[in-house]
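Novice: Sharing final.cif (mmCIF, C-alpha atoms) below.
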data_upload
#
loop_
_atom_site.label_atom_id
_atom_site.label_comp_id
_atom_site.auth_asym_id
_atom_site.auth_seq_id
_atom_site.Cartn_x
_atom_site.Cartn_y
_atom_site.Cartn_z
CA MET A 20 87.23 109.00 138.65
CA SER A 21 83.43 109.22 138.52
CA LEU A 22 83.62 109.56 134.73
CA PHE A 23 85.86 106.47 134.58
CA ARG A 24 83.39 104.41 136.63
CA THR A 25 80.41 105.67 134.63
CA ILE A 26 81.92 104.65 131.29
CA ILE A 27 83.07 101.28 132.60
CA TYR A 28 79.64 100.51 134.05
CA SER A 29 77.96 101.64 130.82
CA CYS A 30 80.19 99.35 128.73
CA ILE A 31 79.42 96.39 130.97
CA VAL A 32 75.68 97.06 130.98
CA VAL A 33 75.55 97.38 127.18
CA THR A 34 77.55 94.20 126.64
CA LEU A 35 75.58 92.25 129.22
CA SER A 36 72.34 93.43 127.66
CA THR A 37 73.57 92.16 124.33
CA GLY A 38 74.46 88.87 125.96
CA MET A 39 71.02 88.56 127.47
CA VAL A 40 69.45 88.91 124.05
CA LEU A 41 71.86 86.49 122.36
CA GLY A 42 72.15 84.10 125.24
CA GLU A 43 68.92 82.22 124.66
CA ASP A 44 69.39 78.48 124.38
CA GLU A 45 66.89 78.16 121.54
CA PRO A 46 68.09 76.24 118.46
CA GLY A 47 69.84 78.42 115.88
CA GLN A 48 70.49 81.32 118.26
CA ALA A 49 73.92 82.51 119.27
CA SER A 50 75.25 82.62 122.82
CA VAL A 51 77.61 85.22 124.13
CA LYS A 52 80.73 84.68 126.20
CA LEU A 53 82.25 87.64 128.05
CA THR A 54 85.99 87.70 128.77
CA PRO A 55 87.16 90.61 130.92
CA THR A 56 90.89 91.38 130.97
CA GLY A 57 92.84 94.16 132.55
CA PHE A 58 96.18 95.37 133.78
CA ALA A 59 97.84 97.85 136.11
CA SER A 60 101.38 99.17 135.98
CA TYR A 61 103.65 101.65 137.68
CA GLU A 62 106.75 103.13 136.11
CA ILE A 63 109.45 105.38 137.44
CA GLY A 64 112.29 106.91 135.49
CA GLN A 65 114.78 109.71 135.19
CA ILE A 66 115.56 111.96 132.26
CA VAL A 67 119.31 112.09 132.74
CA LYS A 68 119.94 114.78 130.16
CA ALA A 69 117.77 116.58 127.61
CA ASN A 70 117.95 119.72 125.51
CA PRO A 71 116.69 122.64 127.63
CA GLN A 72 115.91 124.67 124.52
CA THR A 73 113.14 122.22 123.60
CA THR A 74 111.10 123.45 126.60
CA GLN A 75 110.70 126.91 125.02
CA ALA A 76 111.76 128.40 128.37
CA LEU A 77 115.08 128.00 130.17
CA GLU A 78 113.65 128.02 133.70
CA PHE A 79 112.61 124.37 133.38
CA GLN A 80 114.61 121.50 134.86
CA THR A 81 115.68 119.12 132.07
CA GLU A 82 118.50 117.13 133.65
CA HIS A 83 118.29 114.47 136.37
CA LEU A 84 114.54 114.88 136.28
CA LEU A 85 112.57 112.15 138.07
CA TYR A 86 109.14 111.25 136.71
CA GLN A 87 106.42 108.72 137.52
CA LYS A 88 103.49 107.24 135.62
CA SER A 89 100.85 104.64 136.37
CA TYR A 90 98.25 102.98 134.17
CA VAL A 91 95.07 101.04 134.78
CA GLY A 92 93.43 99.32 131.81
CA PHE A 93 90.29 97.28 131.25
CA ASN A 94 89.06 95.41 128.19
CA LEU A 95 85.84 93.48 127.70
CA LEU A 96 85.84 90.94 124.87
CA ALA A 97 82.58 89.31 123.77
CA SER A 98 82.46 86.25 121.52
CA TYR A 99 79.21 85.19 119.88
CA THR A 100 79.12 81.40 119.38
CA PRO A 101 78.67 80.01 116.74
CA LEU A 102 79.20 83.26 114.85
CA PRO A 103 82.85 84.02 113.93
CA ILE A 104 82.56 87.43 115.59
CA THR A 105 84.13 89.11 118.60
CA THR A 106 83.83 92.66 119.90
CA ASN A 107 86.17 94.64 122.12
CA ILE A 108 85.74 97.64 124.39
CA GLY A 109 88.94 98.89 126.02
CA VAL A 110 89.75 101.88 128.22
CA GLU A 111 92.79 103.13 130.13
CA LEU A 112 93.45 105.64 132.89
CA LYS A 113 96.88 107.25 132.97
CA SER A 114 98.24 109.24 135.91
CA PHE A 115 101.54 111.12 135.71
CA ASN A 116 103.54 114.08 136.89
CA GLU A 117 104.43 116.69 134.34
CA THR A 118 107.77 116.98 132.58
CA PRO A 119 109.59 119.26 132.35
CA ARG A 120 109.03 121.09 135.65
CA LYS A 121 109.95 124.57 136.76
CA SER A 122 113.23 124.62 138.66
CA VAL A 123 111.52 126.56 141.46
CA VAL A 124 108.21 125.06 142.61
CA ALA A 125 106.79 128.43 143.62
CA GLY A 126 107.03 129.54 140.01
CA ASP A 127 104.59 127.04 138.52
CA ASN A 128 101.48 127.27 140.71
CA GLY A 129 102.10 123.83 142.20
CA LEU A 130 102.17 121.93 138.88
CA ALA A 131 105.47 120.32 139.84
CA VAL A 132 103.92 118.53 142.82
CA ARG A 133 100.68 117.29 141.25
CA PHE A 134 99.62 114.07 139.58
CA PHE A 135 97.42 114.52 136.52
CA TYR A 136 94.97 112.05 135.00
CA PHE A 137 93.98 111.16 131.46
CA PHE A 138 91.16 108.77 130.65
CA TYR A 139 91.00 107.48 127.08
CA LEU A 140 89.68 104.77 124.81
CA THR A 141 92.17 102.08 123.75
CA ARG A 142 89.92 100.10 121.42
CA ALA A 143 86.31 99.74 120.31
CA ASP A 144 86.15 97.32 117.42
CA PHE A 145 84.31 94.50 115.72
CA LEU A 146 86.40 91.50 114.58
CA TYR A 147 85.22 88.96 112.01
CA SER A 148 87.44 85.86 111.94
CA LYS A 149 86.18 83.34 109.43
CA SER A 150 89.48 81.63 108.70
CA GLU A 151 93.22 82.04 109.01
CA GLY A 152 93.29 83.46 105.52
CA PHE A 153 90.81 86.28 106.08
CA ASN A 154 89.97 88.41 109.10
CA LEU A 155 88.29 91.79 109.25
CA ASP A 156 88.73 94.30 112.07
CA VAL A 157 86.49 97.37 112.03
CA GLY A 158 86.55 100.28 114.46
CA TYR A 159 89.28 101.72 116.67
CA PHE A 160 92.08 99.26 117.48
CA PRO A 161 95.83 98.88 118.13
CA LEU A 162 98.00 98.04 115.14
CA LYS A 163 101.48 96.55 114.98
CA TYR A 164 103.06 95.02 111.88
CA ASP A 165 106.55 94.16 113.20
CA ASP A 166 106.53 91.93 116.29
CA ASN A 167 110.28 92.34 116.68
CA ALA A 168 110.32 96.13 117.18
CA ARG A 169 110.45 97.08 120.87
CA ASN A 170 110.87 100.86 120.67
CA LEU A 171 111.97 102.25 117.30
CA GLY A 172 110.53 101.55 113.85
CA GLU A 173 106.89 100.89 112.88
CA TYR A 174 107.29 103.85 110.54
CA LEU A 175 104.17 103.55 108.39
CA PHE A 176 101.88 104.56 111.26
CA ARG A 177 104.27 106.48 113.54
CA SER A 178 105.58 109.16 111.22
CA GLY A 179 104.67 112.12 109.04
CA THR A 180 105.34 112.83 105.39
CA TYR A 181 105.53 116.59 104.80
CA PRO A 182 106.93 117.53 107.26
CA GLN A 183 108.74 114.40 108.39
CA TYR A 184 108.53 113.44 112.06
CA LEU A 185 108.89 110.21 114.06
CA ILE A 186 107.10 108.99 117.19
CA SER A 187 108.08 106.53 119.91
CA ASN A 188 106.38 105.50 123.17
CA PHE A 189 107.77 103.47 126.04
CA ASP A 190 106.69 99.81 125.90
CA PHE A 191 104.18 100.50 123.12
CA ALA A 192 105.92 100.18 119.74
CA ALA A 193 102.61 100.32 117.90
CA ALA A 194 99.85 102.71 116.88
CA ARG A 195 96.11 103.00 117.40
CA VAL A 196 94.09 103.58 114.25
CA THR A 197 90.49 104.06 113.22
CA GLY A 198 89.18 102.25 110.17
CA ILE A 199 89.13 98.82 108.56
CA ASN A 200 91.88 96.20 108.62
CA ALA A 201 91.64 93.08 106.44
CA PHE A 202 94.41 90.65 107.36
CA GLY A 203 95.38 87.01 107.34
CA THR A 204 97.92 84.33 106.44
CA LEU A 205 97.98 82.63 103.05
CA PHE A 206 99.87 79.47 102.04
CA GLY A 207 101.21 79.18 105.58
CA ASN A 208 103.94 81.80 105.21
CA LEU A 209 102.48 84.93 103.58
CA ASN A 210 101.02 87.47 106.00
CA TYR A 211 99.12 90.47 104.69
CA LYS A 212 97.27 93.54 105.92
CA ALA A 213 95.09 95.91 103.89
CA LEU A 214 93.87 98.98 105.74
CA LEU A 215 91.59 101.89 105.07
CA THR A 216 92.04 104.34 107.95
CA ILE A 217 90.82 107.80 108.82
CA ASN A 218 92.90 110.55 110.44
CA THR A 219 91.59 111.63 113.83
CA GLU A 220 93.84 114.59 114.64
CA GLY A 221 95.86 117.41 113.15
CA ALA A 222 95.33 119.43 110.01
CA THR A 223 94.33 116.34 108.01
CA MET A 224 91.55 115.20 110.33
CA GLY A 225 88.97 113.18 108.38
CA ASP A 226 91.33 112.29 105.53
CA LEU A 227 91.35 108.67 104.33
CA ASN A 228 94.56 106.65 104.01
CA LEU A 229 95.08 103.39 102.12
CA THR A 230 97.81 101.03 103.34
CA GLY A 231 99.01 97.61 102.22
CA ILE A 232 101.58 95.42 104.02
CA ALA A 233 102.87 91.95 103.19
CA ALA A 234 105.53 89.71 104.73
CA TYR A 235 106.86 86.41 103.42
CA SER A 236 108.90 83.90 105.43
CA VAL A 237 111.18 81.17 104.10
CA PHE A 238 113.30 78.32 105.46
CA ASN A 239 111.02 77.64 108.41
CA LYS A 240 110.95 81.36 109.31
CA PHE A 241 114.72 81.73 109.27
CA LEU A 242 114.20 84.77 107.05
CA GLU A 243 111.17 87.02 106.79
CA ILE A 244 110.98 89.85 104.27
CA GLY A 245 108.23 92.42 104.32
CA ALA A 246 107.17 95.55 102.46
CA GLY A 247 104.42 98.11 102.70
CA VAL A 248 103.00 101.21 101.08
CA SER A 249 100.78 103.87 102.59
CA PHE A 250 98.93 106.49 100.55
CA CYS A 251 98.49 109.20 103.17
CA SER A 252 95.52 111.55 102.80
CA LEU A 253 94.56 109.78 99.58
CA ILE A 254 91.07 111.24 99.95
CA SER A 255 90.88 114.61 101.66
CA ALA A 256 88.07 115.72 103.95
CA ASN A 257 89.06 119.35 103.42
CA SER A 258 91.36 120.08 100.51
CA ASN A 259 92.36 123.50 101.86
CA HIS A 260 93.63 121.81 105.01
CA THR A 261 95.45 118.94 103.34
CA HIS A 262 96.77 121.03 100.44
CA PRO A 263 96.96 124.62 101.73
CA PRO A 264 96.71 127.04 98.78
CA LYS A 265 99.81 128.90 97.65
CA SER A 266 100.29 132.18 99.46
CA ASP A 267 101.36 135.58 98.19
CA ALA A 268 105.03 135.43 97.23
CA SER A 269 105.38 139.18 97.81
CA ASN A 270 104.88 138.68 101.54
CA PRO A 271 108.40 138.52 103.05
CA SER A 272 107.12 136.71 106.15
CA ASP A 273 105.45 134.02 104.07
CA TRP A 274 106.11 130.53 105.47
CA TYR A 275 104.51 128.64 102.61
CA ILE A 276 105.81 129.20 99.12
CA ASP A 277 107.01 127.00 96.28
CA ASN A 278 109.69 129.34 94.89
CA GLY A 279 107.89 129.88 91.59
CA ASP A 280 107.18 126.24 90.81
CA THR A 281 103.60 125.24 90.05
CA ASN A 282 103.72 122.59 92.78
CA THR A 283 102.78 123.43 96.33
CA TYR A 284 103.62 121.72 99.58
CA THR A 285 101.04 119.33 100.96
CA PHE A 286 100.49 117.02 103.92
CA ALA A 287 99.56 114.22 101.54
CA GLY A 288 102.22 111.80 100.40
CA THR A 289 103.23 108.21 99.79
CA LYS A 290 105.28 106.22 102.29
CA LEU A 291 107.19 103.07 101.43
CA MET A 292 108.47 100.55 103.97
CA GLY A 293 110.72 97.52 103.88
CA LYS A 294 111.64 95.19 106.73
CA LEU A 295 113.40 91.92 107.38
CA SER A 296 114.18 89.60 110.25
CA ILE A 297 116.55 86.67 110.66
CA ASP A 298 116.23 83.94 113.28
CA PRO A 299 119.32 81.69 113.15
CA LYS A 300 117.96 79.39 115.89
CA VAL A 301 116.04 77.38 113.31
CA PHE A 302 119.32 75.76 112.21
CA PHE A 303 120.47 74.66 115.66
CA ARG A 304 117.53 73.69 117.78
CA SER A 305 118.44 74.00 121.44
CA ASP A 306 116.52 74.32 124.67
CA ILE A 307 118.99 76.79 126.11
CA PHE A 308 117.75 79.71 123.99
CA GLY A 309 114.62 81.72 124.60
CA LYS A 310 112.04 82.32 121.88
CA GLU A 311 113.35 85.80 121.04
CA ASP A 312 117.09 85.17 121.49
CA LEU A 313 119.48 85.86 118.58
CA LYS A 314 116.92 87.48 116.30
CA ILE A 315 118.24 90.19 114.00
CA TYR A 316 115.83 92.64 112.38
CA ALA A 317 115.68 95.92 110.48
CA GLU A 318 113.21 98.35 108.97
CA ALA A 319 113.55 101.31 106.61
CA ALA A 320 111.01 103.71 105.14
CA ILE A 321 110.69 106.55 102.68
CA LEU A 322 108.57 109.28 104.24
CA GLY A 323 107.27 110.87 101.07
CA VAL A 324 108.50 109.63 97.70
CA LYS A 325 107.93 112.92 95.87
CA ASN A 326 110.49 115.72 95.85
CA TYR A 327 109.43 119.36 96.09
CA PRO A 328 111.37 122.54 95.27
CA VAL A 329 113.09 124.58 97.94
CA SER A 330 110.94 127.18 99.67
CA ILE A 331 111.47 130.91 99.32
CA ASP A 332 113.35 130.74 102.60
CA THR A 333 116.72 130.02 101.01
CA SER A 334 118.78 130.17 104.21
CA THR A 335 120.62 127.09 105.46
CA LEU A 336 117.52 125.86 107.26
CA GLY A 337 115.00 126.79 104.61
CA THR A 338 112.33 124.13 104.15
CA ARG A 339 113.32 121.73 101.42
CA TYR A 340 112.02 118.35 100.31
CA ASP A 341 114.39 117.93 97.36
CA ASP A 342 116.61 115.18 98.78
CA LEU A 343 115.02 111.75 99.05
CA GLY A 344 117.92 110.41 101.12
CA LYS A 345 117.05 112.77 103.96
CA ARG A 346 113.54 111.31 104.24
CA ILE A 347 114.64 107.72 104.94
CA PRO A 348 114.79 106.48 108.55
CA ILE A 349 116.58 103.16 109.08
CA MET A 350 116.24 101.04 112.20
CA PHE A 351 118.08 97.83 113.05
CA GLY A 352 118.05 95.66 116.14
CA VAL A 353 119.35 92.48 117.69
CA ASN A 354 118.07 90.37 120.57
CA VAL A 355 120.93 89.45 122.87
CA PRO A 356 120.62 85.87 124.17
CA THR A 357 119.69 85.63 127.86
CA PHE A 358 119.09 81.86 127.82
CA LYS A 359 115.48 82.16 129.05
CA PHE A 360 116.38 84.40 131.98
CA LEU A 361 114.55 87.28 130.25
CA ASP A 362 111.71 87.27 127.74
CA VAL A 363 113.77 89.56 125.54
CA LEU A 364 116.82 91.83 125.68
CA SER A 365 116.72 94.05 122.63
CA LEU A 366 119.33 96.51 121.36
CA GLU A 367 118.08 98.93 118.70
CA ALA A 368 119.61 101.83 116.78
CA GLU A 369 118.21 104.24 114.21
CA TRP A 370 119.65 106.60 111.63
CA PHE A 371 117.56 109.43 110.21
CA GLY A 372 119.43 112.12 108.32
CA ASN A 373 116.61 114.66 108.26
CA PRO A 374 118.13 118.15 108.75
CA PHE A 375 115.10 119.54 110.59
CA PRO A 376 113.97 119.12 114.20
CA ASN A 377 111.66 116.17 114.90
CA ASP A 378 108.82 118.58 115.52
CA MET A 379 105.06 118.04 115.09
CA SER A 380 103.87 121.57 115.84
CA THR A 381 103.64 122.74 112.22
CA PHE A 382 101.29 119.83 111.50
CA VAL A 383 99.21 119.83 114.69
CA VAL A 384 99.21 123.51 115.66
CA ASN A 385 100.07 125.64 112.63
CA GLY A 386 98.43 123.57 109.89
CA ILE A 387 101.23 124.17 107.40
CA PRO A 388 103.18 121.37 105.67
CA MET A 389 106.61 122.84 106.39
CA SER A 390 109.37 121.87 108.77
CA VAL A 391 110.42 124.08 111.62
CA SER A 392 113.18 126.12 110.03
CA SER A 393 114.96 129.45 110.23
CA LYS A 394 111.56 131.16 110.03
CA TRP A 395 111.43 130.51 113.77
CA GLY A 396 113.78 132.89 115.57
CA ASN A 397 115.17 134.19 112.24
CA GLY A 398 117.62 131.33 112.13
CA SER A 399 119.19 132.11 115.50
CA GLY A 400 116.97 129.90 117.61
CA SER A 401 119.22 127.59 119.63
CA PHE A 402 118.06 124.04 119.04
CA TYR A 403 116.88 124.87 115.52
CA ALA A 404 120.35 126.04 114.56
CA ASP A 405 121.73 122.51 114.01
CA SER A 406 119.31 119.62 113.80
CA THR A 407 121.78 117.05 112.51
CA ALA A 408 123.06 116.11 115.98
CA ASP A 409 119.94 113.97 116.50
CA ASN A 410 120.53 111.72 113.48
CA TRP A 411 121.39 108.71 115.65
CA LYS A 412 118.96 107.18 118.16
CA TRP A 413 119.43 104.12 120.34
CA SER A 414 117.48 101.94 122.77
CA ILE A 415 118.10 99.06 125.21
CA TYR A 416 114.94 97.19 126.21
CA ALA A 417 114.57 94.26 128.62
CA LYS A 418 111.43 92.42 129.73
CA LYS A 419 110.73 89.59 132.17
CA THR A 420 107.39 87.85 132.81
CA PHE A 421 106.68 86.14 136.12
CA ALA A 422 104.02 83.50 136.78
CA GLY A 423 102.23 84.44 133.56
CA HIS A 424 100.59 87.55 135.04
CA PHE A 425 103.40 89.78 136.34
CA ASN A 426 106.05 91.58 134.32
CA ALA A 427 108.99 93.92 134.70
CA VAL A 428 110.34 96.15 131.94
CA VAL A 429 113.50 98.27 131.92
CA GLN A 430 114.52 100.62 129.13
CA VAL A 431 117.45 102.99 128.61
CA ALA A 432 117.11 105.07 125.48
CA SER A 433 117.80 108.15 123.46
CA ASP A 434 114.69 108.03 121.30
CA HIS A 435 111.86 110.34 120.23
CA TYR A 436 110.68 111.12 123.76
CA ARG A 437 108.48 114.21 124.02
CA TRP A 438 107.67 116.21 127.11
CA ASP A 439 104.56 115.12 129.00
CA LYS A 440 102.27 118.07 129.78
CA PHE A 441 98.69 118.13 130.99
CA GLY A 442 97.29 121.22 129.24
CA TYR A 443 96.78 121.10 125.48
CA GLN A 444 98.41 124.50 124.98
CA ASP A 445 101.47 123.35 126.93
CA GLN A 446 101.63 120.16 124.87
CA ALA A 447 101.36 122.17 121.66
CA ASN A 448 104.29 124.36 122.69
CA MET A 449 106.52 121.34 123.33
CA MET A 450 105.90 119.06 120.37
CA THR A 451 109.54 118.66 119.46
CA GLU A 452 111.50 115.70 120.80
CA ALA A 453 113.39 116.44 124.00
CA LEU A 454 116.49 114.34 123.24
CA THR A 455 118.38 115.97 120.40
CA GLN A 456 121.78 114.25 120.77
CA PRO A 457 122.82 110.63 121.42
CA ARG A 458 124.19 111.68 124.84
CA HIS A 459 120.71 112.89 125.80
CA PHE A 460 118.95 109.90 127.33
CA TYR A 461 116.63 108.57 130.02
CA TYR A 462 116.05 105.33 131.88
CA VAL A 463 112.77 103.90 133.13
CA ALA A 464 111.58 100.80 134.98
CA LYS A 465 108.03 99.44 135.02
CA LEU A 466 106.28 96.83 137.16
CA GLY A 467 102.88 95.54 136.13
CA TYR A 468 100.35 92.74 136.32
CA CYS A 469 97.53 91.58 134.12
CA PHE A 470 94.58 89.23 134.31
#
For the structure just supplied, provide its representation as structure tokens.
Specialist:
Amino acid sequence: MSLFRTIIYSCIVVTLSTGMVLGEDEPGQASVKLTPTGFASYEIGQIVKANPQTTQALEFQTEHLLYQKSYVGFNLLASYTPLPITTNIGVELKSFNETPRKSVVAGDNGLAVRFFYFFYLTRADFLYSKSEGFNLDVGYFPLKYDDNARNLGEYLFRSGTYPQYLISNFDFAAARVTGINAFGTLFGNLNYKALLTINTEGATMGDLNLTGIAAYSVFNKFLEIGAGVSFCSLISANSNHTHPPKSDASNPSDWYIDNGDTNTYTFAGTKLMGKLSIDPKVFFRSDIFGKEDLKIYAEAAILGVKNYPVSIDTSTLGTRYDDLGKRIPIMFGVNVPTFKFLDVLSLEAEWFGNPFPNDMSTFVVNGIPMSVSSKWGNGSGSFYADSTADNWKWSIYAKKTFAGHFNAVVQVASDHYRWDKFGYQDQANMMTEALTQPRHFYYVAKLGYCF
């Protein structure tokens, strides 16, 4: 906690010092206005059923597993009048108990009965807002391009190319990125984003990505159609990391081979995204419906447009990127009308026909652009044996705001939940999703307030 207080105090002192310099009332000088905001939340949930094989050890409890998390966040926004500039410094503290936990407490050195703490930066950015048509955000900041998505979707920034994986987080259907975002609204109904971002983790750390997104609405926003493209690892910080060189084909234990083709597997790739939303309320104005009621929306993406030949591992689960259809996740959702009782009640479903486990370990830990396949456990490894049972995902999300500052969120889902572990090595060993069938699911409730 002392580190948390030190960083908070330092941020305040730096910003106040800046304000003291800019706060002179002399003609032509800018004044600074500080706006502190913050929140706190507590959530409690139960993993009703999960795949025990995803824990890498069968002695863990993976069914009817209670878990708790709490968050405290603080953000300091500074605006510099009359300059069209604002700056943000945001931090969060997360406390949680680990999942999964050993079935017998005595077997895990007390980890099952501890709360752990993570302190992290949520944003540190510089925003230039000259007009509605052009804004520029520079630094580290949250990014969301589909306001309708509550859990699934947002594929351009929550997925991998080679290998393909998907990410979801409770009550945060967005990503945090580092780089530059130029965005705005043109002609009243064309929204755009152009981003140059840098990877901050995994084998492609330091690589630059170029992304463009546009959305156009018609008929008073009855219909909005959007599309995007992301050139992942367009510029590589270390070519041997982004494009690992071809290995010796004579090595029978080789995980990385192109089966004689001159191409080699790579983490780099191009993603394409398309989305749409329909709001039928524009044709029958009524005070009985809430703002989000009746909306229908969908998103689809291609996670890597280029096909690659099958690897030397020619078994059923051998790595293969030769079928474009198996690299396309599709999400669709509908907001059930609650007639202003709730802010939103969202039902979402997703189809992703990828034959491999939704596993990030080969990217983060092993540094090889191959899916987890029969190379692990010689094809006999339990949850690797059939990874088509997880093709369908679903989510039910409900939110209610009280008095403008208090909120309650409830979610029941079979999504891309991953086990929450404190130690990095433990996290690395459990980077596959825990819910590998539609009947694997959890529920969670959160209470929070903000100021």
Novice: Identify which of the residues A:Arg346, A:Lys412, A:His83, A:Lys314 lies closest to A:Tyr461, counting all atoms listed in the file when measuring atom-to-atom distances.
Specialist: A:His83
Novice: Which residues would end up in the selection if the PyMOL selection byres ((chain A and resi 199-208) around 7) were applied here, given that I need the answer as a PDB file with C-alpha atoms, in the coordinates of the input?
Specialist:
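Dumped to expr_36.pdb:
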ATOM      1  CA  GLU A 151      93.220  82.040 109.010  1.00  0.00           C
ATOM      2  CA  GLY A 152      93.290  83.460 105.520  1.00  0.00           C
ATOM      3  CA  PHE A 153      90.810  86.280 106.080  1.00  0.00           C
ATOM      4  CA  ASN A 154      89.970  88.410 109.100  1.00  0.00           C
ATOM      5  CA  LEU A 155      88.290  91.790 109.250  1.00  0.00           C
ATOM      6  CA  ASP A 156      88.730  94.300 112.070  1.00  0.00           C
ATOM      7  CA  VAL A 157      86.490  97.370 112.030  1.00  0.00           C
ATOM      8  CA  GLY A 158      86.550 100.280 114.460  1.00  0.00           C
ATOM      9  CA  GLY A 198      89.180 102.250 110.170  1.00  0.00           C
ATOM     10  CA  LEU A 209     102.480  84.930 103.580  1.00  0.00           C
ATOM     11  CA  ASN A 210     101.020  87.470 106.000  1.00  0.00           C
ATOM     12  CA  TYR A 211      99.120  90.470 104.690  1.00  0.00           C
ATOM     13  CA  LYS A 212      97.270  93.540 105.920  1.00  0.00           C
ATOM     14  CA  ALA A 213      95.090  95.910 103.890  1.00  0.00           C
ATOM     15  CA  LEU A 214      93.870  98.980 105.740  1.00  0.00           C
ATOM     16  CA  LEU A 215      91.590 101.890 105.070  1.00  0.00           C
ATOM     17  CA  THR A 216      92.040 104.340 107.950  1.00  0.00           C
ATOM     18  CA  TYR A 235     106.860  86.410 103.420  1.00  0.00           C
ATOM     19  CA  SER A 236     108.900  83.900 105.430  1.00  0.00           C
TER      20      SER A 236
END
Novice: Determine the nearest neighbour of A:Asn377 from the options A:Met449, A:Leu102, A:Ala427, A:Ala320, counting only C-alpha atoms.
Specialist: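 Distance minimum relative to A:Asn377 lands on A:Met449.
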Novice: Could you tell me which residues the PyMOL selection byres ((chain A and resi 329) around 6) grabs in this file, written as a list in words?
Specialist: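 Going through the file, the PyMOL selection byres ((chain A and resi 329) around 6) ends up selecting Pro328, Ser330 and Arg339 of chain A.
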Novice: For the residues in the current selection, export C-alpha atoms as a JSON list (two decimals), in the coordinates of the input.
Specialist:
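Dumped everything to again.json:
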[["chain", "number", "residue", "atom", "x", "y", "z"],
["A", 328, "PRO", "CA", 111.37, 122.54, 95.27],
["A", 330, "SER", "CA", 110.94, 127.18, 99.67],
["A", 339, "ARG", "CA", 113.32, 121.73, 101.42]]
Novice: Leaving out stretch 456-458 of chain A and any residue of its chain fewer than 4 positions from it, which residues lie within 9 Å of it when counting all atoms listed in the file, given as a ChimeraX atom specification?
Specialist: /A:68-70,407-413,432-434
